[in-house]
Protein chains: 2
Amino acid sequence: MTAPVFEVKLLQHCCNMKLDTIYKRIRSKGGRVTKVRKAIIEILYESGCILSSFDIMLKLRELKIRPNRSTMYRELIFLAHNNVITKNAIAHKDYFELPQDHHHHLVCVGCNSIQKIVIGNHLREQEKIIERENKFQIINHSLEFYGLCRRCRA
Amino acid sequence: MTAPVFEVKLLQHCCNMKLDTIYKRIRSKGGRVTKVRKAIIEILYESGCILSSFDIMLKLRELKIRPNRSTMYRELIFLAHNNVITKNAIAHKDYFELPQDHHHHLVCVGCNSIQKIVIGNHLREQEKIIERENKFQIINHSLEFYGLCRRCRA
DNA sequence: ATATTTGCAAACGTTTTGCATAGTG
DNA sequence: CACTATGCAAAACGTTTGCAAATAT
């Protein structure tokens with residue numbers, strides 16, 4: 001019996017939504033497309049990867065935008081609450097990304113870098129069984145692989 | 001094409017090691033089997049499930065053991081560092097359990113309860129591919145399913 | 001005019017630290 | 001005796017809150 005072949009590939013820029021669609025959604029919820037809010041979305045859009053609150057704060061600084069910490073945290077809550085970004089707790093910290101095709105993360109325990117990977121969504125089948133057997137309604141899952149990235153292995 | 005059938009079952013008490021083996025390991029590392037340390041291990045052994053630092057503190061209180069917070073945190077670090085317990089960060093908090101057969105967790109977003117599930121270790125195959133394709137050496141992974149438990153669904 | 005967004009200061013919950021004391025092998 | 005474990009106080013860390021002022025529609 002041969003092991004099944006899973007598809008594995010890297011993702012680059014691959015947000016599911018256009019920026020305009022995102023802004024429209026914000027306005028449709030009664031929100032305003034402010035400088036900070038817009039910048040956060042663009043930072044996530046440009047980077048194409050998962051970023052911590054702190055990462056985002058740094059990138060805002062690069063853009064000469066210096067919101068108060070609480071403002072930025074509130075923005076992130078607002079955006080996540082309105083499904084404009086997704087929130088993911090990894091190792092005591094919140095990480096954010098724009099909605100994209102189903103994927104998971106490789107977390108380097110050496111340098112704390114996080115990279116995306118796409119593996120076939122084989123958990124979906126298992127989720128159905130888990131829901132049935134445990135009478136537990138699954139909303140989402142989080143799967144991270146911890147290890148050493150290429151640089152840190154050397 | 002029929003969906004593959006995955007094995008799903010609940011775990012109860014199922015630590016891989018006997019308590020004596022654990023104590024021996026601690027002594028072999030130059031550690032002492034103190035009151036607090038022993039109690040923490042027994043609490044995890046008895047409960048058979050994953051517990052937060054806070055949970056453990058509460059259970060210690062039930063046993064009339066009231067260590068300082070820092071003592072307990074240091075114990076948990078010591079035990080995890082010596083592979084007597086495993087540490088798992090879920091939603092900004094550390095959770096601990098005794099080493100046991102490979103399993104994952106169902107995290108209820110309603111009541112924050114966490115239950116164990118065993119699913120066939122299908123990730124092992126994928127891990128090999130991920131390691132090869134990404135030149136990333138995987139040490140372990142963490143997989144949690146978030147959703148609503150039976151009680152919270154009602 | 002009204003609601004949303006912001007800054008500030010202060011608090012939160014969890015975890016870690018430094019240092020002196022107590023306890024154990 | 002030398003070393004490990006503990007208590008205490010204080011800090012670190014990421015995040016959240018209340019409230020008043022500023023801003024946008």
# chains A, B, ... in the order shown; residues from 1 in each chain; ligands from 1

$ closest_atom_pairs --of "chain D" --to "chain B" --cutoff "8 Å" --atoms "only C-alpha atoms (C1' of nucleotides)" --output "CSV"
residue,atom,partner,partner_atom,distance
D:DT4,C1',B:Gly31,CA,7.1
D:DT6,C1',B:Thr71,CA,6.4
D:DG7,C1',B:Asn68,CA,6.2

$ write_last_selection --atoms "C-alpha atoms (C1' of nucleotides)" --output "CSV table (one decimal), in the first residue's frame"
chain,number,residue,atom,x,y,z
D,4,DT,C1',17.7,22.3,44.7
D,6,DT,C1',10.5,27.9,47.6
D,7,DG,C1',8.3,32.5,48.7

$ select_by_dssp --residues "segment 77-137 of chain B" --states "strand (DSSP E)" --output "list of chain:residue names"
B:Thr86, B:Lys87, B:Asn88, B:Ala89, B:Ile90, B:Lys93, B:Asp94, B:Tyr95, B:Phe96, B:Glu97, B:His104, B:His105, B:Leu106, B:Val107, B:Cys108, B:Ile114, B:Gln115, B:Lys116, B:Ile117, B:Val118, B:Ile119, B:Gln137

$ interface_residues --of "chain A" --to "chain B" --cutoff "6 Å" --atoms "only C-alpha atoms" --output "short mmCIF file (atom, residue, chain, number, x, y, z; two decimals) with N, CA and C atoms, in the first residue's frame"
data_model
loop_
_atom_site.label_atom_id
_atom_site.label_comp_id
_atom_site.auth_asym_id
_atom_site.auth_seq_id
_atom_site.Cartn_x
_atom_site.Cartn_y
_atom_site.Cartn_z
N ALA A 89 -4.26 32.59 17.17
CA ALA A 89 -3.37 32.65 18.33
C ALA A 89 -2.28 31.60 18.22
N ALA A 91 1.28 30.58 20.08
CA ALA A 91 2.26 30.78 21.14
C ALA A 91 2.06 32.10 21.90
N HIS A 92 0.91 32.30 22.47
CA HIS A 92 0.61 33.44 23.34
C HIS A 92 0.42 34.76 22.60
N LYS A 135 -20.35 14.72 19.11
CA LYS A 135 -21.41 15.71 19.22
C LYS A 135 -20.81 17.10 19.48
N PHE A 136 -19.80 17.40 18.72
CA PHE A 136 -19.09 18.66 18.87
C PHE A 136 -19.14 19.38 17.53
N GLN A 137 -19.65 20.58 17.53
CA GLN A 137 -19.78 21.32 16.28
C GLN A 137 -18.52 22.13 15.98
N ILE A 138 -17.79 21.71 14.97
CA ILE A 138 -16.52 22.35 14.67
C ILE A 138 -16.73 23.62 13.85
N ILE A 139 -16.10 24.70 14.30
CA ILE A 139 -16.20 25.98 13.59
C ILE A 139 -14.96 26.17 12.72
N ASN A 140 -13.81 25.93 13.30
CA ASN A 140 -12.58 25.98 12.52
C ASN A 140 -11.50 25.17 13.22
N HIS A 141 -10.35 25.09 12.62
CA HIS A 141 -9.26 24.40 13.29
C HIS A 141 -7.98 25.18 13.09
N SER A 142 -7.01 24.87 13.92
CA SER A 142 -5.72 25.52 13.75
C SER A 142 -4.66 24.43 13.79
N LEU A 143 -3.85 24.45 12.75
CA LEU A 143 -2.81 23.43 12.62
C LEU A 143 -1.48 24.11 12.33
N GLU A 144 -0.56 23.99 13.26
CA GLU A 144 0.77 24.54 13.05
C GLU A 144 1.82 23.46 13.21
N PHE A 145 2.80 23.51 12.35
CA PHE A 145 3.93 22.60 12.46
C PHE A 145 5.10 23.39 13.04
N TYR A 146 5.63 22.91 14.15
CA TYR A 146 6.76 23.58 14.79
C TYR A 146 8.05 22.86 14.43
N GLY A 147 9.08 23.63 14.18
CA GLY A 147 10.35 23.01 13.83
C GLY A 147 11.40 24.04 13.49
N LEU A 148 12.34 23.64 12.65
CA LEU A 148 13.45 24.52 12.30
C LEU A 148 13.45 24.82 10.82
N CYS A 149 13.50 26.10 10.49
CA CYS A 149 13.53 26.50 9.10
C CYS A 149 14.93 26.27 8.52
N ARG A 150 15.04 26.44 7.25
CA ARG A 150 16.28 26.14 6.56
C ARG A 150 17.48 26.85 7.18
#

$ closest_residue --among "A:Ile65, A:Ile114, A:Ile26, A:Val33" --to "DT5 of chain C" --atoms "only C-alpha atoms (C1' of nucleotides)"
A:Val33

$ interface_residues --of "chain C" --to "chain A" --cutoff "8 Å" --atoms "only C-alpha atoms (C1' of nucleotides)" --output "mmCIF file with C-alpha atoms (C1' of nucleotides), in the first residue's frame"
data_model
loop_
_atom_site.group_PDB
_atom_site.id
_atom_site.type_symbol
_atom_site.label_atom_id
_atom_site.label_comp_id
_atom_site.auth_asym_id
_atom_site.auth_seq_id
_atom_site.Cartn_x
_atom_site.Cartn_y
_atom_site.Cartn_z
ATOM 1 C "C1'" DT C 4 -17.279 56.316 14.708
ATOM 2 C "C1'" DT C 6 -8.609 57.948 18.488
ATOM 3 C "C1'" DG C 7 -5.277 58.788 22.418
#

$ residues_around --residues "DA9 of chain D" --least-positions-apart "2" --cutoff "10 Å" --atoms "only C-alpha atoms (C1' of nucleotides)" --output "list in words"
DG18 and DC19 of chain C; DG7 and DA11 of chain D

$ residues_around --residues "Ser52 of chain B" --least-positions-apart "4" --cutoff "7 Å" --atoms "only C-alpha atoms (C1' of nucleotides)" --output "list in words"
Ile56, Asp94, Tyr95 and Phe96 of chain B

$ residues_around --residues "segment 58-60 of chain A" --least-positions-apart "6" --cutoff "8 Å" --atoms "only C-alpha atoms (C1' of nucleotides)" --output "list in words"
Ala39, Ile40, Ile43 and Arg66 of chain A

$ atom_distance --atom1 "atom CA of Lys24 of chain A" --atom2 "atom C1' of DA24 of chain D"
16.4 Å

$ atom_distance --atom1 "atom CA of Lys38 of chain B" --atom2 "atom CA of Tyr73 of chain B"
14.2 Å

$ select_by_dssp --residues "segment 33-142 of chain B" --states "alpha helix (DSSP H)" --output "PyMOL selection string"
chain B and resi 35-47+53-62+69-81+123-134

$ atom_distance --atom1 "atom CA of Ala154 of chain B" --atom2 "atom CA of Lys116 of chain B"
20.9 Å
